[in-house]
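Dropping input.cif in here (mmCIF, C-alpha atoms and all ligand atoms):
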```
data_upload
#
loop_
_atom_site.label_atom_id
_atom_site.label_comp_id
_atom_site.auth_asym_id
_atom_site.auth_seq_id
_atom_site.Cartn_x
_atom_site.Cartn_y
_atom_site.Cartn_z
CA MET A 1 10.82 13.64 -82.25
CA HIS A 2 14.06 12.08 -81.06
CA ILE A 3 16.85 14.28 -82.41
CA LEU A 4 20.58 13.73 -82.53
CA VAL A 5 22.48 16.97 -82.00
CA THR A 6 26.14 16.70 -82.94
CA GLY A 7 28.26 19.34 -81.23
CA GLY A 8 25.45 19.87 -78.72
CA ALA A 9 27.93 20.61 -75.92
CA GLY A 10 29.22 23.66 -77.80
CA TYR A 11 27.91 27.22 -77.82
CA ILE A 12 25.11 27.23 -80.40
CA GLY A 13 24.38 23.50 -80.07
CA SER A 14 23.78 23.71 -76.31
CA HIS A 15 21.38 26.65 -76.67
CA THR A 16 19.51 24.73 -79.37
CA VAL A 17 19.32 21.60 -77.21
CA LYS A 18 17.72 23.69 -74.47
CA GLU A 19 15.07 25.07 -76.85
CA LEU A 20 14.41 21.64 -78.39
CA VAL A 21 13.83 20.09 -74.97
CA LYS A 22 11.55 23.00 -74.00
CA THR A 23 9.54 22.35 -77.18
CA GLY A 24 9.04 18.73 -76.11
CA HIS A 25 11.61 16.94 -78.25
CA GLN A 26 13.85 14.18 -76.96
CA VAL A 27 17.53 14.94 -77.59
CA THR A 28 20.73 12.93 -77.66
CA VAL A 29 23.98 14.88 -77.94
CA LEU A 30 27.06 13.49 -79.63
CA ASP A 31 30.15 15.55 -78.86
CA ASN A 32 33.83 14.69 -78.50
CA LEU A 33 34.21 17.58 -76.01
CA SER A 34 37.20 18.91 -77.97
CA LYS A 35 35.67 22.39 -77.73
CA GLY A 36 32.42 21.83 -75.85
CA TRP A 37 31.62 21.46 -72.16
CA ARG A 38 29.98 18.58 -70.32
CA ALA A 39 28.24 21.08 -68.01
CA THR A 40 26.17 22.49 -70.89
CA VAL A 41 24.34 19.21 -71.41
CA ASN A 42 22.05 18.75 -68.43
CA LYS A 43 18.72 18.25 -70.12
CA ALA A 44 19.71 15.62 -72.65
CA ARG A 45 21.78 12.48 -72.86
CA LEU A 46 25.41 13.18 -73.72
CA LEU A 47 27.38 10.60 -75.62
CA LYS A 48 31.07 11.40 -75.81
CA GLY A 49 32.15 10.28 -79.27
CA GLU A 50 33.62 11.11 -82.65
CA LEU A 51 31.81 12.05 -85.81
CA THR A 52 34.14 9.77 -87.74
CA ASP A 53 33.06 6.69 -85.75
CA GLN A 54 30.56 5.29 -88.23
CA ARG A 55 29.80 2.15 -86.22
CA LEU A 56 28.94 4.21 -83.15
CA LEU A 57 26.78 6.53 -85.25
CA CYS A 58 24.88 3.69 -86.94
CA GLU A 59 24.25 1.94 -83.63
CA LEU A 60 23.12 5.17 -82.03
CA LEU A 61 20.80 6.21 -84.86
CA GLN A 62 19.25 2.76 -84.98
CA ALA A 63 18.97 1.98 -81.27
CA GLU A 64 17.55 5.40 -80.39
CA LYS A 65 15.26 5.55 -83.44
CA ILE A 66 16.64 8.99 -84.29
CA GLU A 67 14.35 10.86 -86.69
CA ALA A 68 16.43 13.97 -87.36
CA VAL A 69 20.01 15.15 -87.03
CA MET A 70 21.12 18.71 -86.29
CA HIS A 71 24.77 18.90 -87.18
CA PHE A 72 26.72 21.58 -85.30
CA ALA A 73 29.98 19.65 -84.72
CA ALA A 74 32.78 21.25 -86.69
CA SER A 75 36.05 23.08 -86.51
CA SER A 76 35.31 26.75 -87.02
CA LEU A 77 38.30 29.06 -86.61
CA VAL A 78 39.08 30.90 -89.83
CA GLY A 79 42.73 31.60 -88.99
CA GLU A 80 43.39 28.04 -87.86
CA SER A 81 41.80 26.75 -91.06
CA MET A 82 44.35 28.74 -93.10
CA GLN A 83 47.18 27.08 -91.14
CA CYS A 84 45.74 23.54 -91.06
CA PRO A 85 43.33 23.04 -93.97
CA ALA A 86 43.78 19.26 -93.77
CA ASP A 87 42.29 19.22 -90.26
CA TYR A 88 39.34 21.25 -91.50
CA TYR A 89 38.68 18.94 -94.44
CA ALA A 90 39.00 15.92 -92.14
CA ASN A 91 36.60 17.19 -89.51
CA ASN A 92 34.14 19.28 -91.50
CA VAL A 93 33.99 17.27 -94.72
CA THR A 94 35.05 13.70 -93.92
CA GLY A 95 33.37 13.79 -90.49
CA SER A 96 30.15 15.15 -91.96
CA LEU A 97 30.15 12.58 -94.79
CA VAL A 98 30.56 9.76 -92.25
CA LEU A 99 27.53 11.13 -90.43
CA LEU A 100 25.51 11.36 -93.67
CA GLU A 101 26.52 7.81 -94.55
CA ALA A 102 25.30 6.54 -91.17
CA MET A 103 22.03 8.43 -91.68
CA ARG A 104 21.68 6.92 -95.14
CA LYS A 105 22.33 3.38 -93.91
CA VAL A 106 19.83 3.67 -91.08
CA GLY A 107 17.33 5.76 -93.03
CA VAL A 108 17.18 8.94 -90.94
CA PRO A 109 15.18 11.37 -93.10
CA TYR A 110 15.91 14.94 -91.86
CA PHE A 111 19.15 16.90 -91.63
CA VAL A 112 19.67 20.48 -90.36
CA PHE A 113 23.15 21.75 -91.12
CA SER A 114 25.12 24.56 -89.41
CA SER A 115 26.55 26.48 -92.31
CA THR A 116 28.09 29.91 -92.25
CA ALA A 117 28.32 33.33 -93.88
CA ALA A 118 31.92 32.32 -94.67
CA VAL A 119 30.59 30.39 -97.69
CA TYR A 120 30.04 33.74 -99.46
CA GLY A 121 33.58 35.11 -99.24
CA GLU A 122 34.12 38.75 -100.16
CA PRO A 123 30.64 40.29 -100.61
CA ILE A 124 29.78 41.87 -103.91
CA GLU A 125 26.51 43.25 -102.60
CA ILE A 126 25.06 44.07 -99.18
CA PRO A 127 22.83 42.81 -97.66
CA ILE A 128 23.93 39.32 -98.66
CA SER A 129 21.06 37.12 -99.80
CA GLU A 130 21.16 33.35 -100.28
CA ASP A 131 21.58 33.90 -104.04
CA HIS A 132 24.85 35.75 -103.57
CA PRO A 133 27.80 33.92 -105.23
CA THR A 134 29.60 31.50 -102.93
CA ILE A 135 33.36 31.98 -103.29
CA PRO A 136 34.87 31.24 -99.87
CA THR A 137 38.20 32.88 -99.08
CA ASN A 138 39.35 30.38 -96.44
CA PRO A 139 39.28 26.59 -95.91
CA TYR A 140 36.69 26.91 -93.14
CA GLY A 141 34.14 28.42 -95.54
CA ALA A 142 35.22 26.04 -98.30
CA THR A 143 34.63 22.95 -96.14
CA LYS A 144 31.16 24.16 -95.14
CA LEU A 145 30.35 24.85 -98.79
CA ALA A 146 31.64 21.41 -99.78
CA LEU A 147 29.05 19.80 -97.54
CA GLU A 148 26.31 22.12 -98.76
CA GLU A 149 27.19 21.07 -102.31
CA ALA A 150 26.90 17.38 -101.44
CA LEU A 151 23.42 17.73 -99.97
CA PRO A 152 21.37 18.20 -103.19
CA TRP A 153 22.90 14.96 -104.53
CA TYR A 154 22.02 13.10 -101.34
CA TYR A 155 18.49 14.41 -101.65
CA GLN A 156 18.24 13.39 -105.29
CA ALA A 157 19.68 9.90 -104.86
CA TYR A 158 18.68 8.96 -101.30
CA GLY A 159 15.80 11.29 -100.47
CA LEU A 160 17.66 12.98 -97.60
CA ARG A 161 15.71 16.14 -96.77
CA TYR A 162 17.80 19.00 -95.46
CA ILE A 163 17.97 22.64 -94.49
CA SER A 164 21.27 24.51 -94.41
CA LEU A 165 21.37 27.49 -92.09
CA ARG A 166 24.05 30.05 -92.86
CA TYR A 167 24.70 31.90 -89.64
CA PHE A 168 26.29 35.31 -89.51
CA ASN A 169 27.80 36.25 -86.09
CA ALA A 170 26.17 34.24 -83.31
CA ALA A 171 26.24 36.22 -80.08
CA GLY A 172 24.59 36.66 -76.67
CA ALA A 173 23.60 34.09 -74.09
CA ASP A 174 20.54 32.21 -72.90
CA PRO A 175 18.12 34.90 -71.57
CA GLU A 176 17.44 32.64 -68.56
CA GLY A 177 21.14 32.80 -67.67
CA GLU A 178 21.84 29.05 -67.71
CA LEU A 179 24.06 28.89 -70.79
CA GLY A 180 26.64 31.17 -72.35
CA GLU A 181 29.56 31.46 -74.72
CA ASP A 182 32.85 29.85 -73.71
CA HIS A 183 35.09 29.18 -76.70
CA ASN A 184 38.71 28.20 -76.24
CA PRO A 185 40.46 30.08 -77.73
CA GLU A 186 37.92 32.91 -77.76
CA THR A 187 37.94 34.81 -81.04
CA HIS A 188 34.47 36.39 -80.96
CA LEU A 189 34.21 40.11 -80.35
CA ILE A 190 31.55 40.37 -77.64
CA PRO A 191 33.01 37.80 -75.19
CA LEU A 192 36.46 39.32 -75.77
CA VAL A 193 35.15 42.78 -74.91
CA LEU A 194 33.38 41.40 -71.83
CA LYS A 195 36.57 39.64 -70.70
CA THR A 196 38.25 43.05 -70.77
CA ALA A 197 35.38 44.43 -68.67
CA LEU A 198 35.96 41.61 -66.17
CA GLY A 199 39.70 42.40 -66.03
CA ARG A 200 40.57 39.05 -67.63
CA ALA A 201 42.09 40.67 -70.73
CA PRO A 202 44.20 43.83 -70.67
CA GLU A 203 42.55 45.63 -73.60
CA ILE A 204 40.34 45.31 -76.64
CA LYS A 205 42.24 45.07 -79.91
CA ILE A 206 40.40 46.61 -82.84
CA PHE A 207 41.77 45.40 -86.14
CA GLY A 208 41.76 48.34 -88.54
CA ASN A 209 40.07 51.75 -88.37
CA ASP A 210 40.45 52.72 -92.01
CA TYR A 211 37.73 50.60 -93.60
CA PRO A 212 35.17 52.31 -95.87
CA THR A 213 32.53 52.29 -93.09
CA PRO A 214 31.06 55.25 -91.13
CA ASP A 215 33.57 54.96 -88.24
CA GLY A 216 36.32 53.09 -90.11
CA THR A 217 35.89 49.77 -88.23
CA CYS A 218 34.42 46.57 -89.69
CA VAL A 219 30.65 46.12 -89.70
CA ARG A 220 29.14 42.75 -88.81
CA ASP A 221 25.68 41.25 -88.35
CA TYR A 222 25.08 39.86 -84.83
CA ILE A 223 22.32 37.38 -84.22
CA HIS A 224 21.26 36.19 -80.76
CA VAL A 225 21.99 32.54 -80.13
CA THR A 226 18.45 31.87 -78.84
CA ASP A 227 17.02 33.29 -82.07
CA LEU A 228 19.34 30.91 -83.93
CA ALA A 229 18.09 28.04 -81.80
CA GLN A 230 14.48 28.93 -82.64
CA ALA A 231 15.32 28.94 -86.34
CA HIS A 232 16.52 25.33 -85.99
CA ILE A 233 13.20 24.31 -84.53
CA LEU A 234 11.36 26.01 -87.41
CA ALA A 235 13.67 24.25 -89.88
CA LEU A 236 12.91 20.89 -88.31
CA GLU A 237 9.18 21.57 -88.37
CA ALA A 238 9.42 22.60 -92.02
CA LEU A 239 11.15 19.33 -92.93
CA ALA A 240 8.66 17.28 -90.95
CA GLY A 241 5.87 19.29 -92.60
CA GLY A 242 6.96 18.36 -96.11
CA VAL A 243 9.72 20.78 -97.17
CA ASP A 244 12.34 18.86 -99.16
CA PHE A 245 15.32 21.20 -98.88
CA SER A 246 16.28 24.81 -98.41
CA ILE A 247 19.07 27.19 -97.56
CA TYR A 248 18.53 30.15 -95.25
CA ASN A 249 20.65 33.00 -93.96
CA LEU A 250 20.39 33.76 -90.28
CA GLY A 251 21.28 37.30 -89.37
CA ASN A 252 19.38 40.32 -88.18
CA GLY A 253 19.90 42.51 -91.24
CA ASN A 254 21.43 45.35 -89.18
CA GLY A 255 25.15 45.76 -89.14
CA TYR A 256 27.06 47.14 -86.16
CA SER A 257 30.63 48.33 -86.35
CA VAL A 258 33.26 46.99 -83.97
CA LEU A 259 33.40 50.42 -82.36
CA GLU A 260 29.61 50.50 -81.93
CA VAL A 261 29.74 47.10 -80.22
CA VAL A 262 32.49 48.30 -77.87
CA GLN A 263 30.58 51.49 -77.06
CA ALA A 264 27.32 49.61 -76.47
CA THR A 265 29.22 47.24 -74.15
CA GLU A 266 30.70 50.16 -72.23
CA LYS A 267 27.12 51.37 -71.61
CA VAL A 268 25.99 47.92 -70.42
CA VAL A 269 28.96 47.39 -68.08
CA GLY A 270 28.91 51.01 -66.94
CA LYS A 271 32.54 51.95 -67.54
CA PRO A 272 34.94 52.86 -70.35
CA LEU A 273 37.12 49.99 -71.54
CA PRO A 274 40.77 50.13 -72.66
CA LYS A 275 41.13 49.68 -76.43
CA THR A 276 43.82 49.96 -79.06
CA PHE A 277 43.67 50.03 -82.83
CA THR A 278 45.99 47.66 -84.67
CA GLN A 279 46.56 46.61 -88.29
CA ARG A 280 43.72 45.20 -90.37
CA ARG A 281 43.57 41.39 -90.38
CA ALA A 282 44.11 39.76 -93.76
CA GLY A 283 40.86 38.64 -95.34
CA ASP A 284 38.44 40.67 -93.16
CA PRO A 285 35.76 42.18 -95.44
CA ALA A 286 34.65 45.71 -94.47
CA ILE A 287 30.96 44.87 -94.16
CA LEU A 288 29.09 41.57 -93.74
CA VAL A 289 25.36 41.96 -93.30
CA ALA A 290 22.74 39.32 -94.04
CA SER A 291 19.40 39.46 -95.67
CA ALA A 292 17.31 36.98 -93.68
CA GLU A 293 14.10 37.85 -95.52
CA ARG A 294 13.75 34.36 -96.95
CA ILE A 295 13.47 32.53 -93.62
CA LYS A 296 11.26 35.28 -92.20
CA ARG A 297 8.94 34.96 -95.17
CA GLU A 298 8.93 31.19 -95.61
CA LEU A 299 9.21 29.92 -92.03
CA GLN A 300 7.88 32.97 -90.17
CA TRP A 301 11.11 33.27 -88.20
CA LYS A 302 10.99 36.31 -85.90
CA PRO A 303 14.19 37.12 -84.03
CA CYS A 304 13.25 38.32 -80.53
CA TYR A 305 16.58 38.94 -78.79
CA SER A 306 18.82 40.27 -81.55
CA ASP A 307 18.96 43.98 -80.76
CA LEU A 308 22.51 44.82 -79.74
CA GLN A 309 21.63 45.82 -76.18
CA THR A 310 19.85 42.52 -75.42
CA ILE A 311 22.68 40.55 -76.98
CA ILE A 312 25.26 42.28 -74.81
CA GLU A 313 23.14 42.26 -71.63
CA THR A 314 22.47 38.52 -71.81
CA ALA A 315 26.14 37.79 -72.55
CA TRP A 316 27.26 40.08 -69.70
CA ARG A 317 24.89 38.44 -67.20
CA TRP A 318 26.35 35.02 -68.00
CA GLN A 319 29.96 36.22 -67.99
CA GLN A 320 29.51 37.87 -64.59
CA LYS A 321 28.06 34.68 -63.14
CA ASN A 322 30.72 32.52 -64.83
CA PRO A 323 33.87 34.65 -65.10
CA LEU A 324 36.03 31.56 -65.66
CA GLY A 325 33.57 30.00 -68.09
CA TYR A 326 32.17 26.49 -67.69
CA PRO A 327 33.79 24.01 -65.24
CA LYS A 328 36.79 22.53 -67.08
CA CYS A 329 36.10 18.82 -66.70
N1 LIG B 1 29.69 30.84 -83.53
C1 LIG B 1 29.39 31.45 -84.68
O1 LIG B 1 29.29 32.69 -84.74
C2 LIG B 1 29.14 30.63 -85.93
C3 LIG B 1 28.90 31.32 -87.14
C4 LIG B 1 28.65 30.57 -88.29
C5 LIG B 1 28.61 29.19 -88.24
N2 LIG B 1 28.88 28.55 -87.07
C6 LIG B 1 28.84 27.07 -87.07
O2 LIG B 1 27.98 26.65 -86.03
C7 LIG B 1 28.43 25.43 -85.46
C8 LIG B 1 28.55 25.59 -83.96
O3 LIG B 1 29.41 26.67 -83.67
P1 LIG B 1 29.79 27.01 -82.16
O4 LIG B 1 30.22 28.44 -82.12
O5 LIG B 1 28.72 26.54 -81.25
O6 LIG B 1 31.10 26.11 -82.00
P2 LIG B 1 31.61 25.24 -80.75
O7 LIG B 1 33.06 24.98 -81.00
O8 LIG B 1 31.21 25.91 -79.47
O9 LIG B 1 30.78 23.90 -80.91
C9 LIG B 1 31.17 22.84 -81.75
C10 LIG B 1 31.04 21.55 -80.96
O10 LIG B 1 31.34 20.46 -81.81
C11 LIG B 1 32.17 19.53 -81.10
N3 LIG B 1 32.94 18.81 -82.11
C12 LIG B 1 33.84 19.31 -83.01
N4 LIG B 1 34.33 18.33 -83.78
C13 LIG B 1 33.74 17.16 -83.37
C14 LIG B 1 33.85 15.80 -83.79
N5 LIG B 1 34.69 15.43 -84.75
N6 LIG B 1 33.08 14.87 -83.15
C15 LIG B 1 32.24 15.23 -82.16
N7 LIG B 1 32.11 16.50 -81.71
C16 LIG B 1 32.85 17.46 -82.31
C17 LIG B 1 33.01 20.40 -80.17
O11 LIG B 1 33.50 19.70 -79.04
C18 LIG B 1 32.02 21.49 -79.77
O12 LIG B 1 31.28 21.14 -78.61
C19 LIG B 1 29.74 25.09 -86.17
O13 LIG B 1 29.46 24.16 -87.18
C20 LIG B 1 30.17 26.42 -86.77
O14 LIG B 1 30.93 26.24 -87.93
C21 LIG B 1 29.14 29.23 -85.92
#
```
Using the file provided, produce a representation of the structure as structure tokens.
Ligand SMILES: NC(=O)c1ccc[n+]([C@@H]2O[C@H](COP(=O)([O-])OP(=O)(O)OC[C@H]3O[C@@H](n4cnc5c(N)ncnc54)[C@H](O)[C@@H]3O)[C@@H](O)[C@H]2O)c1
Amino acid sequence: MHILVTGGAGYIGSHTVKELVKTGHQVTVLDNLSKGWRATVNKARLLKGELTDQRLLCELLQAEKIEAVMHFAASSLVGESMQCPADYYANNVTGSLVLLEAMRKVGVPYFVFSSTAAVYGEPIEIPISEDHPTIPTNPYGATKLALEEALPWYYQAYGLRYISLRYFNAAGADPEGELGEDHNPETHLIPLVLKTALGRAPEIKIFGNDYPTPDGTCVRDYIHVTDLAQAHILALEALAGGVDFSIYNLGNGNGYSVLEVVQATEKVVGKPLPKTFTQRRAGDPAILVASAERIKRELQWKPCYSDLQTIIETAWRWQQKNPLGYPKC
């Protein structure tokens, strides 16, 4: 298939592009490079452009005979979304609706959407299944949910077939060492801990050690980015094989506390790392762990790289090779 990957120059998008190309698909990436890196896209065509440019999207979908869209492009910083909700609605809702409109006009039938655990908000039960209530506690989660809520109507009226994938914490790097995680600003725990190991950050800040968890620090569900990429391929195959729509969690079902992640990283890098405990951050739930039983059962998804050690080792290998991240051009 020829697939359009929006946000394919970013972290999860670039890993997915690599796996799609390996599987034999043709890929075109649309990315405005606001957060992504040109250097990540070396196996596909990169078109620098905006999600909101409907003419460009229609021309692209038509000229390239695109059969499916994987939509990663978004703004995804929770804190920033609290400060600037308008930007999040503009990019994540308006931008996505422009994309859906272009798909509708041209008649592209399949859509795989990058959703998030943030759609659930404060958990009322753990592990969180897809049937858990969705009550987001920040504009980021609310904008992702807004698109999810539009999709059933697009299916009903226009026949758009879709799968929403709700990722928990994406982590790790391409096991072959070509791609890694380089967010700016970096807010994810594992790259922040590794930056401290590389001497590029003075210490690890742990937000809160008085949560109702075994060691008092927050517990999260980390899922390897290559396992996420594989799930996208399964989602695409499901749509092409006749599935009309679905929503799946992507996590590994095992939570690790912040302290456990730091300690596991110390083992991988072979030295103790400086750390301090600070105040809890507003809005951080104590525990977020997914149930990914549905996608395992229905699409036979089998995460292969999502044990904590492999996640950290692959991320560390890439960080050591690329201590300054991707070339900034
Ligand atoms: N990283 C995680 O742990 C995580 C967890 C849950 C959900 N997600 C979702 O997964 C997706 C990818 O996340 P990521 O960590 O790879 O983020 P990322 O910032 O690395 O990638 C997003 C890409 O989209 C591009 N982009 C943003 N707005 C655009 C626009 N208007 N037009 C064109 N390109 C645009 C950016 O330049 C970037 O390359 C996002 O939708 C995010 O909300 C990520």
Margin query: So that I can see what lies close to Ala197 in chain A, please list as an NGL selection string the residues with an atom at most 10 Å from it, counting all atoms listed in the file and leaving out residues fewer than 6 positions away in the same chain.
Written below: :A and (191 or 203-204 or 265-266 or 269-274 or 316 or 319-320)
Next item on the list: Please identify the residues whose atoms come within 7 Å of ligand LIG 1 (chain B), using all atoms listed in the file, and report them as a PyMOL selection string.
Entry: chain A and resi 6-13+30-37+49-52+72-76+91+95+114-117+166-171+183
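Here CA of Asp221 in chain A is placed at a distance of 6.6 Å from CA of Gly253 in chain A.
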Next item on the list: With all atoms listed in the file counted, which protein, DNA or RNA residues have an atom no more than 12 Å from (9.4, 18.8, -97.3) in the file frame? Please answer as a ChimeraX atom specification.
Entry: /A:109-111,155,159-163,235-246
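Here the question is which of A:Ile312, A:Val108, A:Leu97, A:Leu165 gets nearest to Leu189 in chain A using all atoms listed in the file, and that residue is A:Ile312.
As for CA of Gly172 in chain A and CA of Ser129 in chain A, they are spaced 23.4 Å apart.
If you look at CA of Arg45 in chain A and CA of Val29 in chain A, they are 6.0 Å away from each other.
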Would you mind exporting range 151-170 of chain A with N, CA and C atoms, as a short mmCIF file (atom, residue, chain, number, x, y, z; two decimals), in the first residue's frame?
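Here's the written file selection28.cif:
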```cif
data_model
loop_
_atom_site.label_atom_id
_atom_site.label_comp_id
_atom_site.auth_asym_id
_atom_site.auth_seq_id
_atom_site.Cartn_x
_atom_site.Cartn_y
_atom_site.Cartn_z
N LEU A 151 -14.76 10.30 14.87
CA LEU A 151 -14.52 9.21 13.92
C LEU A 151 -15.74 8.31 13.67
N PRO A 152 -16.50 7.93 14.73
CA PRO A 152 -17.67 7.07 14.43
C PRO A 152 -18.65 7.73 13.49
N TRP A 153 -18.78 9.06 13.55
CA TRP A 153 -19.70 9.77 12.66
C TRP A 153 -19.18 9.78 11.23
N TYR A 154 -17.85 9.90 11.09
CA TYR A 154 -17.26 9.85 9.75
C TYR A 154 -17.42 8.45 9.16
N TYR A 155 -17.34 7.46 10.03
CA TYR A 155 -17.55 6.09 9.54
C TYR A 155 -18.99 5.93 9.07
N GLN A 156 -19.91 6.38 9.93
CA GLN A 156 -21.33 6.18 9.63
C GLN A 156 -21.75 6.92 8.35
N ALA A 157 -21.29 8.17 8.21
CA ALA A 157 -21.75 8.97 7.08
C ALA A 157 -20.91 8.76 5.82
N TYR A 158 -19.60 8.58 5.98
CA TYR A 158 -18.71 8.55 4.80
C TYR A 158 -18.00 7.22 4.60
N GLY A 159 -18.21 6.30 5.54
CA GLY A 159 -17.56 4.98 5.39
C GLY A 159 -16.08 4.99 5.72
N LEU A 160 -15.58 6.03 6.40
CA LEU A 160 -14.16 6.05 6.76
C LEU A 160 -13.90 4.97 7.81
N ARG A 161 -13.00 4.05 7.49
CA ARG A 161 -12.68 2.98 8.46
C ARG A 161 -11.44 3.39 9.24
N TYR A 162 -11.48 3.14 10.55
CA TYR A 162 -10.42 3.71 11.39
C TYR A 162 -10.08 2.82 12.56
N ILE A 163 -8.85 2.97 13.03
CA ILE A 163 -8.46 2.37 14.31
C ILE A 163 -7.73 3.44 15.11
N SER A 164 -8.20 3.66 16.34
CA SER A 164 -7.53 4.58 17.26
C SER A 164 -6.66 3.77 18.19
N LEU A 165 -5.41 4.19 18.29
CA LEU A 165 -4.47 3.49 19.18
C LEU A 165 -4.13 4.42 20.33
N ARG A 166 -4.48 3.98 21.54
CA ARG A 166 -4.23 4.82 22.71
C ARG A 166 -2.93 4.37 23.37
N TYR A 167 -1.86 5.13 23.08
CA TYR A 167 -0.56 4.73 23.63
C TYR A 167 -0.45 5.17 25.08
N PHE A 168 0.23 4.33 25.85
CA PHE A 168 0.66 4.74 27.18
C PHE A 168 2.06 5.38 26.98
N ASN A 169 3.08 5.06 27.76
CA ASN A 169 4.35 5.81 27.60
C ASN A 169 5.26 5.16 26.57
N ALA A 170 5.37 5.77 25.40
CA ALA A 170 6.28 5.26 24.38
C ALA A 170 7.71 5.47 24.87
#
```
